[in-house]
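Q: The structure file data_17.txt (compact mmCIF, C-alpha atoms) is provided below.
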```txt
# COMPACT_ATOMS: atom_id res chain seq x y z
CA MET Z 1 -27.05 57.85 -12.68
CA LEU Z 2 -25.22 59.06 -15.78
CA ALA Z 3 -23.73 55.60 -16.26
CA SER Z 4 -27.10 53.87 -16.23
CA LEU Z 5 -28.55 56.58 -18.47
CA LEU Z 6 -25.81 55.89 -21.02
CA ILE Z 7 -26.16 52.11 -20.82
CA VAL Z 8 -29.93 52.21 -21.34
CA PHE Z 9 -29.58 54.86 -24.04
CA ARG Z 10 -27.06 52.77 -25.95
CA GLU Z 11 -29.39 49.78 -25.81
CA VAL Z 12 -32.50 51.67 -26.94
CA LEU Z 13 -30.67 53.72 -29.58
CA GLU Z 14 -30.97 51.01 -32.22
CA ALA Z 15 -34.67 50.44 -31.63
CA GLY Z 16 -35.20 54.22 -31.54
CA LEU Z 17 -33.60 54.72 -34.95
CA ILE Z 18 -35.53 51.84 -36.47
CA VAL Z 19 -38.90 53.08 -35.19
CA GLY Z 20 -38.11 56.54 -36.59
CA ILE Z 21 -37.31 55.10 -40.03
CA VAL Z 22 -40.41 52.89 -40.03
CA LEU Z 23 -42.63 55.84 -39.13
CA ALA Z 24 -41.15 57.93 -41.94
CA ALA Z 25 -41.32 55.04 -44.43
CA THR Z 26 -45.04 54.62 -43.78
CA LYS Z 27 -46.00 58.28 -43.87
CA GLY Z 28 -49.52 58.58 -45.20
CA VAL Z 29 -50.48 54.93 -44.73
CA ALA Z 30 -53.63 54.67 -42.66
CA ARG Z 31 -53.40 53.19 -39.15
CA ARG Z 32 -49.61 53.01 -39.13
CA GLY Z 33 -49.46 54.52 -35.64
CA LEU Z 34 -51.56 51.66 -34.35
CA TRP Z 35 -49.34 49.05 -36.00
CA VAL Z 36 -46.13 50.63 -34.75
CA ALA Z 37 -47.69 50.71 -31.27
CA TYR Z 38 -48.50 46.98 -31.63
CA GLY Z 39 -44.85 46.42 -32.52
CA VAL Z 40 -43.53 48.39 -29.54
CA VAL Z 41 -45.94 46.81 -27.02
CA GLY Z 42 -45.31 43.33 -28.41
CA GLY Z 43 -41.58 43.96 -28.31
CA VAL Z 44 -41.68 45.13 -24.69
CA LEU Z 45 -43.74 42.11 -23.61
CA GLY Z 46 -41.43 39.82 -25.54
CA ALA Z 47 -38.40 41.50 -23.97
CA CYS Z 48 -39.76 40.75 -20.48
CA VAL Z 49 -40.32 37.10 -21.41
CA VAL Z 50 -36.84 36.79 -22.94
CA ALA Z 51 -35.29 38.48 -19.90
CA ALA Z 52 -37.18 36.22 -17.50
CA PHE Z 53 -35.97 33.11 -19.32
CA ALA Z 54 -32.49 34.39 -20.24
CA GLY Z 55 -30.77 31.53 -18.46
CA GLU Z 56 -33.00 28.85 -20.04
CA LEU Z 57 -32.70 30.41 -23.50
CA SER Z 58 -28.95 30.49 -23.19
CA ASN Z 59 -28.76 26.82 -22.32
CA MET Z 60 -30.78 25.66 -25.34
CA PHE Z 61 -29.04 24.24 -28.42
CA ALA Z 62 -25.84 23.26 -26.62
CA GLY Z 63 -25.40 26.69 -25.06
CA SER Z 64 -26.03 28.58 -28.30
CA GLY Z 65 -29.72 29.32 -27.72
CA GLN Z 66 -29.18 33.04 -27.26
CA GLU Z 67 -27.09 33.41 -30.42
CA LEU Z 68 -29.51 31.38 -32.53
CA PHE Z 69 -32.45 33.34 -31.16
CA ASN Z 70 -30.77 36.65 -32.01
CA ALA Z 71 -29.85 35.45 -35.50
CA THR Z 72 -33.38 34.19 -36.12
CA VAL Z 73 -35.15 37.39 -35.10
CA LEU Z 74 -32.64 39.47 -37.09
CA LEU Z 75 -33.22 37.39 -40.23
CA LEU Z 76 -36.98 37.64 -39.66
CA ALA Z 77 -36.59 41.42 -39.62
CA VAL Z 78 -34.49 41.28 -42.81
CA ALA Z 79 -37.26 39.31 -44.55
CA MET Z 80 -39.92 41.79 -43.42
CA LEU Z 81 -37.87 44.81 -44.49
CA THR Z 82 -37.25 43.20 -47.90
CA TRP Z 83 -40.93 42.53 -48.32
CA HIS Z 84 -41.81 46.09 -47.40
CA ASN Z 85 -39.41 47.51 -49.97
CA VAL Z 86 -40.76 45.25 -52.69
CA TRP Z 87 -44.31 46.23 -51.79
CA MET Z 88 -43.33 49.88 -51.87
CA ALA Z 89 -41.82 49.42 -55.34
CA GLY Z 90 -45.35 48.65 -56.50
CA HIS Z 91 -47.16 51.31 -54.50
CA GLY Z 92 -44.59 53.93 -53.61
CA ARG Z 93 -44.93 56.22 -56.60
CA ALA Z 94 -48.69 56.28 -56.24
CA MET Z 95 -48.29 57.02 -52.55
CA ALA Z 96 -46.03 59.94 -53.22
CA GLN Z 97 -48.52 61.26 -55.78
CA ASP Z 98 -51.55 60.99 -53.59
CA MET Z 99 -50.98 59.91 -50.04
CA LYS Z 100 -54.56 60.19 -48.92
CA ARG Z 101 -55.95 58.01 -51.67
CA VAL Z 102 -53.51 55.22 -50.99
CA GLY Z 103 -54.20 55.68 -47.32
CA ALA Z 104 -57.69 54.54 -48.17
CA GLU Z 105 -56.26 51.35 -49.63
CA VAL Z 106 -56.26 49.96 -46.16
CA SER Z 107 -56.10 46.23 -46.73
CA ALA Z 108 -52.89 46.38 -48.78
CA GLY Z 109 -51.43 48.93 -46.38
CA ASP Z 110 -52.18 46.70 -43.42
CA ARG Z 111 -50.04 43.93 -44.81
CA THR Z 112 -46.87 45.96 -45.11
CA LEU Z 113 -47.66 47.62 -41.78
CA ALA Z 114 -47.84 44.20 -40.17
CA ALA Z 115 -44.44 43.39 -41.64
CA LEU Z 116 -42.96 46.60 -40.28
CA ALA Z 117 -44.65 46.06 -36.90
CA VAL Z 118 -42.69 42.80 -36.75
CA VAL Z 119 -39.48 44.75 -37.51
CA VAL Z 120 -40.25 47.24 -34.72
CA GLY Z 121 -41.20 44.43 -32.35
CA VAL Z 122 -37.97 42.56 -33.05
CA ALA Z 123 -35.82 45.67 -32.53
CA VAL Z 124 -37.55 46.48 -29.25
CA LEU Z 125 -37.39 42.85 -28.17
CA ARG Z 126 -33.66 42.42 -28.78
CA GLU Z 127 -32.46 45.58 -27.11
CA GLY Z 128 -35.33 45.71 -24.62
CA SER Z 129 -34.53 42.36 -23.04
CA GLU Z 130 -31.06 43.69 -22.18
CA VAL Z 131 -32.55 46.86 -20.70
CA VAL Z 132 -34.98 44.79 -18.64
CA LEU Z 133 -32.15 42.59 -17.32
CA PHE Z 134 -30.00 45.60 -16.49
CA LEU Z 135 -32.76 47.55 -14.73
CA TYR Z 136 -34.05 44.45 -12.96
CA GLY Z 137 -30.55 43.82 -11.65
CA ILE Z 138 -30.47 47.34 -10.21
CA ALA Z 139 -34.00 47.24 -8.84
CA SER Z 140 -33.49 43.92 -7.09
CA GLN Z 141 -30.63 45.37 -5.06
CA GLY Z 142 -32.78 48.18 -3.61
CA GLY Z 143 -31.41 51.26 -1.84
CA THR Z 144 -31.29 54.96 -2.64
CA THR Z 145 -28.35 54.99 -5.06
CA ASN Z 146 -30.28 52.44 -7.03
CA ALA Z 147 -33.26 54.77 -7.20
CA ALA Z 148 -30.92 57.24 -8.92
CA LEU Z 149 -29.72 54.49 -11.25
CA LEU Z 150 -33.31 53.62 -12.14
CA ALA Z 151 -34.03 57.32 -12.76
CA GLY Z 152 -31.00 57.35 -15.06
CA GLY Z 153 -32.42 54.35 -16.87
CA ALA Z 154 -35.75 56.11 -17.31
CA LEU Z 155 -33.97 59.15 -18.74
CA GLY Z 156 -32.07 56.84 -21.07
CA LEU Z 157 -35.38 55.47 -22.36
CA PHE Z 158 -36.63 59.02 -22.84
CA ALA Z 159 -33.46 59.93 -24.76
CA GLY Z 160 -34.10 56.92 -26.99
CA ALA Z 161 -37.60 58.20 -27.71
CA CYS Z 162 -36.05 61.57 -28.61
CA VAL Z 163 -33.84 59.78 -31.17
CA THR Z 164 -36.98 58.31 -32.73
CA ALA Z 165 -38.51 61.78 -32.98
CA ALA Z 166 -35.30 63.29 -34.40
CA MET Z 167 -34.99 60.52 -37.00
CA TYR Z 168 -38.64 60.84 -37.99
CA PHE Z 169 -38.79 64.63 -38.28
CA GLY Z 170 -35.36 64.70 -39.90
CA LEU Z 171 -36.60 62.36 -42.62
CA LEU Z 172 -39.82 64.32 -43.03
CA ALA Z 173 -37.71 67.35 -43.97
CA ILE Z 174 -37.01 65.49 -47.21
CA PRO Z 175 -39.40 66.59 -50.00
CA ALA Z 176 -42.37 64.23 -50.31
CA GLY Z 177 -41.39 63.13 -53.82
CA LYS Z 178 -38.01 61.91 -52.60
CA LEU Z 179 -38.98 60.65 -49.14
CA PHE Z 180 -39.81 57.08 -50.12
CA ASN Z 181 -36.71 56.85 -52.26
CA VAL Z 182 -34.60 57.75 -49.25
CA THR Z 183 -36.45 55.47 -46.85
CA ALA Z 184 -36.22 52.60 -49.36
CA TRP Z 185 -32.43 52.96 -49.41
CA LEU Z 186 -32.28 53.34 -45.63
CA ILE Z 187 -34.33 50.19 -45.23
CA THR Z 188 -32.15 48.33 -47.73
CA LEU Z 189 -28.96 49.20 -45.84
CA LEU Z 190 -30.66 48.59 -42.48
CA ALA Z 191 -31.63 45.10 -43.65
CA ALA Z 192 -28.14 44.40 -45.02
CA GLY Z 193 -26.58 45.47 -41.73
CA MET Z 194 -28.97 43.20 -39.81
CA ALA Z 195 -28.12 40.27 -42.07
CA ALA Z 196 -24.40 40.85 -41.46
CA GLN Z 197 -25.09 41.03 -37.73
CA ALA Z 198 -26.98 37.74 -37.93
CA VAL Z 199 -23.87 36.21 -39.53
CA LEU Z 200 -21.88 37.17 -36.44
CA PHE Z 201 -24.38 35.51 -34.12
CA LEU Z 202 -24.39 32.36 -36.24
CA GLN Z 203 -20.60 32.26 -36.21
CA GLN Z 204 -20.66 32.79 -32.45
CA ALA Z 205 -23.01 29.81 -32.25
CA GLY Z 206 -20.47 27.70 -34.14
CA TYR Z 207 -21.98 27.77 -37.65
CA PHE Z 208 -20.53 29.13 -40.91
CA GLN Z 209 -16.96 29.01 -39.67
CA PHE Z 210 -15.40 30.27 -42.88
CA TRP Z 211 -14.21 33.59 -44.31
CA MET Z 212 -13.74 34.62 -40.70
CA SER Z 213 -10.60 36.68 -40.91
CA GLY Z 214 -11.03 40.42 -40.59
CA LEU Z 215 -10.92 42.45 -43.80
CA TRP Z 216 -9.95 45.74 -42.24
CA ASP Z 217 -9.84 47.42 -38.86
CA THR Z 218 -11.03 50.99 -38.56
CA SER Z 219 -11.75 50.79 -34.84
CA TRP Z 220 -8.93 53.25 -34.17
CA ILE Z 221 -10.66 55.99 -36.15
CA LEU Z 222 -14.36 55.07 -35.88
CA PRO Z 223 -15.14 52.35 -33.31
CA GLN Z 224 -18.63 50.87 -33.58
CA GLY Z 225 -19.43 51.34 -29.90
CA GLY Z 226 -17.81 52.24 -26.63
CA GLN Z 227 -18.10 55.11 -24.23
CA SER Z 228 -16.99 58.04 -26.40
CA ILE Z 229 -19.07 60.29 -28.63
CA ILE Z 230 -17.20 58.87 -31.64
CA GLY Z 231 -18.20 55.41 -30.44
CA LEU Z 232 -21.83 56.54 -30.31
CA ILE Z 233 -21.59 57.81 -33.89
CA GLY Z 234 -20.04 54.50 -34.92
CA GLN Z 235 -22.87 52.65 -33.21
CA MET Z 236 -25.50 54.74 -35.00
CA LEU Z 237 -23.81 54.05 -38.33
CA HIS Z 238 -23.67 50.39 -37.38
CA THR Z 239 -27.44 50.36 -36.92
CA LEU Z 240 -28.31 52.58 -39.86
CA VAL Z 241 -26.04 51.32 -42.64
CA GLY Z 242 -24.46 48.25 -41.05
CA TYR Z 243 -21.08 49.87 -40.46
CA SER Z 244 -18.60 47.48 -38.89
CA ASP Z 245 -15.14 48.54 -37.73
CA SER Z 246 -13.65 45.11 -38.51
CA PRO Z 247 -15.97 42.98 -40.65
CA ASP Z 248 -15.04 39.46 -41.67
CA GLY Z 249 -15.33 38.16 -45.23
CA LEU Z 250 -18.63 36.34 -44.75
CA GLN Z 251 -20.22 39.40 -43.14
CA LEU Z 252 -19.30 41.59 -46.09
CA ALA Z 253 -20.44 38.95 -48.59
CA VAL Z 254 -23.83 38.61 -46.87
CA TYR Z 255 -24.16 42.39 -46.63
CA LEU Z 256 -23.56 42.85 -50.35
CA ALA Z 257 -25.78 39.88 -51.25
CA THR Z 258 -28.65 41.31 -49.19
CA VAL Z 259 -28.37 44.68 -50.94
CA ALA Z 260 -28.26 42.93 -54.33
CA VAL Z 261 -31.31 40.77 -53.56
CA ILE Z 262 -33.43 43.66 -52.29
CA VAL Z 263 -32.48 45.93 -55.20
CA GLY Z 264 -33.06 43.09 -57.66
CA LEU Z 265 -36.48 42.20 -56.23
CA THR Z 266 -37.66 45.82 -56.19
CA ARG Z 267 -36.55 46.33 -59.82
CA TRP Z 268 -38.33 43.13 -60.81
CA GLU Z 269 -41.51 44.21 -59.04
CA ARG Z 270 -41.39 47.61 -60.71
CA THR Z 271 -41.03 46.17 -64.23
CA ASN Z 272 -43.45 43.31 -63.78
CA HIS Z 273 -46.23 45.23 -62.08
CA PRO Z 274 -46.02 48.61 -63.79
CA ARG Z 275 -49.75 49.18 -63.48
CA ARG Z 276 -49.53 49.16 -59.75
CA ALA Z 277 -46.61 51.51 -59.90
CA SER Z 278 -48.63 54.15 -61.75
CA MET Z 279 -52.16 53.90 -60.52
CA PRO Z 280 -54.82 55.75 -62.55
CA LYS Z 281 -55.28 59.32 -61.53
CA PRO Z 282 -58.67 60.27 -60.13
CA ALA Z 283 -60.89 61.85 -62.76
CA MET D 1 -16.33 28.77 0.10
CA ARG D 2 -19.11 29.73 -2.31
CA ARG D 3 -16.52 30.84 -4.77
CA THR D 4 -14.69 27.53 -4.57
CA VAL D 5 -17.94 25.69 -5.22
CA LEU D 6 -18.62 27.92 -8.21
CA LEU D 7 -15.15 27.43 -9.60
CA ALA D 8 -15.45 23.69 -9.12
CA ALA D 9 -18.83 23.73 -10.86
CA ALA D 10 -17.37 25.72 -13.73
CA GLY D 11 -14.46 23.31 -13.90
CA ILE D 12 -16.74 20.28 -14.08
CA LEU D 13 -18.82 22.00 -16.73
CA ALA D 14 -15.69 22.85 -18.68
CA LEU D 15 -14.54 19.23 -18.53
CA THR D 16 -17.94 17.96 -19.67
CA VAL D 17 -18.01 20.31 -22.62
CA SER D 18 -14.42 19.62 -23.65
CA ALA D 19 -15.22 15.91 -23.72
CA CYS D 20 -17.73 16.62 -26.50
CA GLY D 21 -15.65 18.90 -28.69
CA GLN D 22 -12.26 18.48 -30.26
CA GLU D 23 -11.17 22.07 -29.63
CA ALA D 24 -8.84 23.14 -26.85
CA ALA D 25 -10.37 22.82 -23.39
CA PRO D 26 -12.72 25.72 -22.57
CA ILE D 27 -11.39 28.31 -20.16
CA ALA D 28 -13.45 28.96 -17.04
CA VAL D 29 -14.13 32.60 -16.24
CA THR D 30 -16.10 33.74 -13.21
CA ILE D 31 -17.97 36.96 -12.58
CA LYS D 32 -18.26 37.93 -8.92
CA ASP D 33 -18.97 41.38 -7.49
CA HIS D 34 -19.00 42.62 -11.09
CA ARG D 35 -15.39 41.59 -11.75
CA PHE D 36 -13.98 38.95 -14.06
CA THR D 37 -11.64 36.27 -12.71
CA PRO D 38 -9.28 35.78 -14.41
CA SER D 39 -9.39 39.18 -16.05
CA ILE D 40 -6.42 38.38 -18.29
CA ILE D 41 -7.10 35.36 -20.46
CA HIS D 42 -4.45 33.76 -22.64
CA VAL D 43 -5.52 31.83 -25.73
CA LYS D 44 -3.59 30.35 -28.62
CA ALA D 45 -3.55 32.55 -31.67
CA ASN D 46 -5.18 31.51 -34.95
CA GLN D 47 -7.37 28.79 -33.51
CA PRO D 48 -10.84 28.84 -32.01
CA SER D 49 -11.22 28.78 -28.26
CA GLU D 50 -14.07 28.85 -25.83
CA LEU D 51 -14.80 30.52 -22.52
CA ILE D 52 -17.30 29.23 -20.00
CA VAL D 53 -18.42 32.34 -18.17
CA THR D 54 -20.10 31.73 -14.82
CA ASN D 55 -21.96 34.63 -13.28
CA GLY D 56 -21.96 34.36 -9.49
CA ASP D 57 -23.74 37.67 -9.02
CA ASP D 58 -27.48 38.11 -8.48
CA GLY D 59 -27.98 40.26 -11.56
CA ALA D 60 -27.34 39.49 -15.20
CA GLU D 61 -24.21 40.63 -17.00
CA GLU D 62 -23.51 41.10 -20.69
CA PHE D 63 -20.14 39.84 -21.85
CA ASP D 64 -19.40 42.40 -24.51
CA SER D 65 -16.46 42.93 -26.81
CA SER D 66 -16.51 44.53 -30.22
CA SER D 67 -12.95 43.39 -30.95
CA LEU D 68 -13.87 39.77 -30.16
CA LYS D 69 -17.24 40.24 -31.91
CA VAL D 70 -19.08 38.81 -28.92
CA GLU D 71 -22.24 39.91 -27.18
CA LYS D 72 -23.66 37.46 -24.71
CA VAL D 73 -25.95 37.91 -21.76
CA ILE D 74 -25.13 35.71 -18.77
CA ALA D 75 -28.07 35.57 -16.36
CA GLY D 76 -27.44 35.84 -12.64
CA HIS D 77 -26.26 32.59 -10.99
CA SER D 78 -25.87 30.81 -14.29
CA SER D 79 -23.20 30.22 -16.86
CA GLY D 80 -22.85 30.51 -20.59
CA ASN D 81 -20.31 29.66 -23.23
CA VAL D 82 -18.55 32.29 -25.28
CA ARG D 83 -16.97 30.99 -28.49
CA LEU D 84 -13.96 32.93 -29.64
CA ARG D 85 -13.10 32.95 -33.33
CA PRO D 86 -9.51 32.30 -34.39
CA LEU D 87 -7.64 35.43 -33.33
CA SER D 88 -4.49 36.89 -34.79
CA PRO D 89 -1.92 37.64 -32.09
CA GLY D 90 -2.88 40.67 -30.02
CA ARG D 91 -4.93 42.06 -27.17
CA TYR D 92 -8.72 41.96 -27.26
CA PRO D 93 -10.40 43.87 -24.43
CA PHE D 94 -13.83 42.81 -23.17
CA MET D 95 -16.18 44.14 -20.53
CA GLY D 96 -19.34 43.43 -18.63
CA GLU D 97 -21.54 46.02 -20.21
CA TYR D 98 -23.84 46.43 -17.22
CA HIS D 99 -20.96 47.21 -14.86
CA SER D 100 -18.21 48.43 -17.14
CA ALA D 101 -16.56 50.45 -14.36
CA THR D 102 -15.35 47.26 -12.67
CA ALA D 103 -16.07 44.39 -15.05
CA GLU D 104 -13.13 44.57 -17.43
CA GLY D 105 -10.75 42.09 -18.91
CA VAL D 106 -8.60 41.29 -21.88
CA VAL D 107 -8.03 38.24 -24.05
CA ILE D 108 -4.42 37.89 -25.16
CA ALA D 109 -3.89 35.74 -28.23
CA GLU D 110 -0.32 34.54 -28.70
```
Any chance you could put this one into structure tokens?
A:
Amino acid sequence: MLASLLIVFREVLEAGLIVGIVLAATKGVARRGLWVAYGVVGGVLGACVVAAFAGELSNMFAGSGQELFNATVLLLAVAMLTWHNVWMAGHGRAMAQDMKRVGAEVSAGDRTLAALAVVVGVAVLREGSEVVLFLYGIASQGGTTNAALLAGGALGLFAGACVTAAMYFGLLAIPAGKLFNVTAWLITLLAAGMAAQAVLFLQQAGYFQFWMSGLWDTSWILPQGGQSIIGLIGQMLHTLVGYSDSPDGLQLAVYLATVAVIVGLTRWERTNHPRRASMPKPA
Amino acid sequence: MRRTVLLAAAGILALTVSACGQEAAPIAVTIKDHRFTPSIIHVKANQPSELIVTNGDDGAEEFDSSSLKVEKVIAGHSSGNVRLRPLSPGRYPFMGEYHSATAEGVVIAE
């Protein structure tokens, strides 16, 4: 039971952290709960579809269907996170000044919420399909020990939800004036980490076979996964800031390029749309 | 008997794939009863290689290795290819994440 709890927990950890960050990053935007719920429900449905067709997906594109699918959804999430940060560069200061008023600006808010719902959906979809396959494998065998395994899986899901809550309330402890600054950086590093992860999947699929030698190996001090508590910390850092215990050259290059592009675009947005950045105060 | 058929199927698959690529012939790996066979896999160092992993179990398995930088789900009663990047000489452990108590193995690059 403990084993299945840990397996499911490790799979849902990433999605849990991402949902927590998205909730904090959209504090004060109207109807964000609804959009995040869309993302989660869509992700779960998608996960079931992906799990059901895992074999078929794998066999597409000369056996690289799964890798290309993972890379595609990761890059989609990177694009959505980038867009959110750029949007926030235009609206963030105003939001921090007067959350309720911007909350009324529903149509603009809905667009960035849709982008973040995609991010949530993708995170749930990727990890969720593995949870579905794992639990389905247990359930299909039947028996009483398997009931305990399924219970462990359910507890693992619950623990993942607790991570979301911890992330969210932890971030809310940050003063309102600084909150969106912090979430903007978190989202930047989250996106960069996802882009670097997408590089790995593309290399696994046989593309971009250059700069592949490892730059360093810190797996002996902080492995990015595994059974231990340290491994769990490494995995959280992997999700949050894109930590890798042995990145290759292309991964690091793409990571840095993603950070540079997001920072560059947000600066550009801030200087070119200064009026949006400092909306008129109510009389 | 079933295992022989599976191994033969994996072998044929491996031959078919190797005919298309110019890399070294893919290495067939089978999962049965949540164990890898062979569990010790030798590859040549500093050149890419490929595993064809055939899952003979009912449930899916995830071939997972952070040192090999591979995560790949192999559905039950199906097979999938796992490309290995050029590896410097050494030992690279891998596991079946869904049954890590029994599904363990190591790639040795030399």
Q: Dump as JSON lines the rows for residues of chain D within 12 Å of chain Z: closest atom pair and distance in Å with one decimal, all atoms listed in the file counted, ordered by chain and rising residue number.
A:
```
{"residue": "D:Leu13", "atom": "CA", "partner": "Z:Gly63", "partner_atom": "CA", "distance": 11.6}
{"residue": "D:Thr16", "atom": "CA", "partner": "Z:Ala62", "partner_atom": "CA", "distance": 11.8}
{"residue": "D:Val17", "atom": "CA", "partner": "Z:Ala62", "partner_atom": "CA", "distance": 9.3}
{"residue": "D:Cys20", "atom": "CA", "partner": "Z:Ala62", "partner_atom": "CA", "distance": 10.5}
{"residue": "D:Gly21", "atom": "CA", "partner": "Z:Ala62", "partner_atom": "CA", "distance": 11.3}
{"residue": "D:Glu23", "atom": "CA", "partner": "Z:Gly206", "partner_atom": "CA", "distance": 11.8}
{"residue": "D:His34", "atom": "CA", "partner": "Z:Gly137", "partner_atom": "CA", "distance": 11.6}
{"residue": "D:Asn46", "atom": "CA", "partner": "Z:Ser213", "partner_atom": "CA", "distance": 9.6}
{"residue": "D:Gln47", "atom": "CA", "partner": "Z:Met212", "partner_atom": "CA", "distance": 11.2}
{"residue": "D:Pro48", "atom": "CA", "partner": "Z:Gln209", "partner_atom": "CA", "distance": 9.8}
{"residue": "D:Ser49", "atom": "CA", "partner": "Z:Gly206", "partner_atom": "CA", "distance": 11.0}
{"residue": "D:Glu50", "atom": "CA", "partner": "Z:Gln204", "partner_atom": "CA", "distance": 10.1}
{"residue": "D:Leu51", "atom": "CA", "partner": "Z:Gly63", "partner_atom": "CA", "distance": 11.6}
{"residue": "D:Ile52", "atom": "CA", "partner": "Z:Gly63", "partner_atom": "CA", "distance": 9.9}
{"residue": "D:Val53", "atom": "CA", "partner": "Z:Gly63", "partner_atom": "CA", "distance": 11.3}
{"residue": "D:Thr54", "atom": "CA", "partner": "Z:Gly55", "partner_atom": "CA", "distance": 11.3}
{"residue": "D:Asn55", "atom": "CA", "partner": "Z:Gly55", "partner_atom": "CA", "distance": 10.7}
{"residue": "D:Asp57", "atom": "CA", "partner": "Z:Gly137", "partner_atom": "CA", "distance": 9.5}
{"residue": "D:Asp58", "atom": "CA", "partner": "Z:Gly137", "partner_atom": "CA", "distance": 7.2}
{"residue": "D:Gly59", "atom": "CA", "partner": "Z:Gly137", "partner_atom": "CA", "distance": 4.4}
{"residue": "D:Ala60", "atom": "CA", "partner": "Z:Leu133", "partner_atom": "CA", "distance": 6.1}
{"residue": "D:Glu61", "atom": "CA", "partner": "Z:Phe134", "partner_atom": "CA", "distance": 7.6}
{"residue": "D:Glu62", "atom": "CA", "partner": "Z:Glu130", "partner_atom": "CA", "distance": 8.1}
{"residue": "D:Phe63", "atom": "CA", "partner": "Z:Glu130", "partner_atom": "CA", "distance": 11.6}
{"residue": "D:Asp64", "atom": "CA", "partner": "Z:Gly226", "partner_atom": "CA", "distance": 10.2}
{"residue": "D:Ser65", "atom": "CA", "partner": "Z:Gly226", "partner_atom": "CA", "distance": 9.4}
{"residue": "D:Ser66", "atom": "CA", "partner": "Z:Gly225", "partner_atom": "CA", "distance": 7.4}
{"residue": "D:Ser67", "atom": "CA", "partner": "Z:Ser246", "partner_atom": "CA", "distance": 7.8}
{"residue": "D:Leu68", "atom": "CA", "partner": "Z:Ser246", "partner_atom": "CA", "distance": 9.9}
{"residue": "D:Lys69", "atom": "CA", "partner": "Z:Leu200", "partner_atom": "CA", "distance": 7.2}
{"residue": "D:Val70", "atom": "CA", "partner": "Z:Gln204", "partner_atom": "CA", "distance": 7.2}
{"residue": "D:Glu71", "atom": "CA", "partner": "Z:Phe201", "partner_atom": "CA", "distance": 8.5}
{"residue": "D:Lys72", "atom": "CA", "partner": "Z:Gln66", "partner_atom": "CA", "distance": 7.5}
{"residue": "D:Val73", "atom": "CA", "partner": "Z:Ala54", "partner_atom": "CA", "distance": 7.6}
{"residue": "D:Ile74", "atom": "CA", "partner": "Z:Gly55", "partner_atom": "CA", "distance": 7.0}
{"residue": "D:Ala75", "atom": "CA", "partner": "Z:Gly55", "partner_atom": "CA", "distance": 5.3}
{"residue": "D:Gly76", "atom": "CA", "partner": "Z:Gly55", "partner_atom": "CA", "distance": 8.0}
{"residue": "D:His77", "atom": "CA", "partner": "Z:Gly55", "partner_atom": "CA", "distance": 8.8}
{"residue": "D:Ser78", "atom": "CA", "partner": "Z:Gly55", "partner_atom": "CA", "distance": 6.5}
{"residue": "D:Ser79", "atom": "CA", "partner": "Z:Gly55", "partner_atom": "CA", "distance": 7.8}
{"residue": "D:Gly80", "atom": "CA", "partner": "Z:Gly63", "partner_atom": "CA", "distance": 6.4}
{"residue": "D:Asn81", "atom": "CA", "partner": "Z:Gly63", "partner_atom": "CA", "distance": 6.2}
{"residue": "D:Val82", "atom": "CA", "partner": "Z:Gln204", "partner_atom": "CA", "distance": 7.5}
{"residue": "D:Arg83", "atom": "CA", "partner": "Z:Gln204", "partner_atom": "CA", "distance": 5.7}
{"residue": "D:Leu84", "atom": "CA", "partner": "Z:Gln204", "partner_atom": "CA", "distance": 7.3}
{"residue": "D:Arg85", "atom": "CA", "partner": "Z:Met212", "partner_atom": "CA", "distance": 7.6}
{"residue": "D:Pro86", "atom": "CA", "partner": "Z:Ser213", "partner_atom": "CA", "distance": 7.9}
{"residue": "D:Leu87", "atom": "CA", "partner": "Z:Ser213", "partner_atom": "CA", "distance": 8.2}
{"residue": "D:Ser88", "atom": "CA", "partner": "Z:Ser213", "partner_atom": "CA", "distance": 8.7}
{"residue": "D:Pro93", "atom": "CA", "partner": "Z:Gly226", "partner_atom": "CA", "distance": 11.4}
{"residue": "D:Phe94", "atom": "CA", "partner": "Z:Gly226", "partner_atom": "CA", "distance": 10.8}
{"residue": "D:Met95", "atom": "CA", "partner": "Z:Gly226", "partner_atom": "CA", "distance": 10.3}
{"residue": "D:Gly96", "atom": "CA", "partner": "Z:Phe134", "partner_atom": "CA", "distance": 11.1}
{"residue": "D:Glu97", "atom": "CA", "partner": "Z:Ile7", "partner_atom": "CA", "distance": 7.7}
{"residue": "D:Tyr98", "atom": "CA", "partner": "Z:Phe134", "partner_atom": "CA", "distance": 6.3}
{"residue": "D:His99", "atom": "CA", "partner": "Z:Ala3", "partner_atom": "CA", "distance": 8.9}
{"residue": "D:Ser100", "atom": "CA", "partner": "Z:Ala3", "partner_atom": "CA", "distance": 9.1}
{"residue": "D:Ala101", "atom": "CA", "partner": "Z:Ala3", "partner_atom": "CA", "distance": 9.0}
```
Q: Report the distance between atom CA of Z:Ala253 and atom CA of Z:Trp83 in Å, rounded to one decimal place.
A: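 Computing the Euclidean distance for atom CA of Z:Ala253 and atom CA of Z:Trp83 yields 20.8 Å.
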Q: List as a VMD selection string the protein and nucleic acid residues near Z:Glu14, meaning an atom at most 10 Å away when only C-alpha atoms are counted, but skip any in the same chain fewer than 5 places from it.
A: chain Z and resid 9 19 123 to 124 126 to 127 160 163 to 164 235 to 240
Q: Mind pulling up the distance from atom CA of Z:Tyr207 to atom CA of D:Gly90?
A: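 That distance, rounded to one decimal, is 24.3 Å.
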Q: I need the residue nearest Z:Gln251 from this list: Z:Trp220, Z:Ala196, Z:Gly156, Z:Val182. Use only C-alpha atoms for the distance.
A: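 The answer is Z:Ala196, which sits nearest to Z:Gln251.
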Q: Just give me the gap between atom CA of D:Glu104 and atom CA of Z:Ile233 in Å, one decimal is fine.
A: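 Calculated distance between atom CA of D:Glu104 and atom CA of Z:Ile233 is 22.8 Å.
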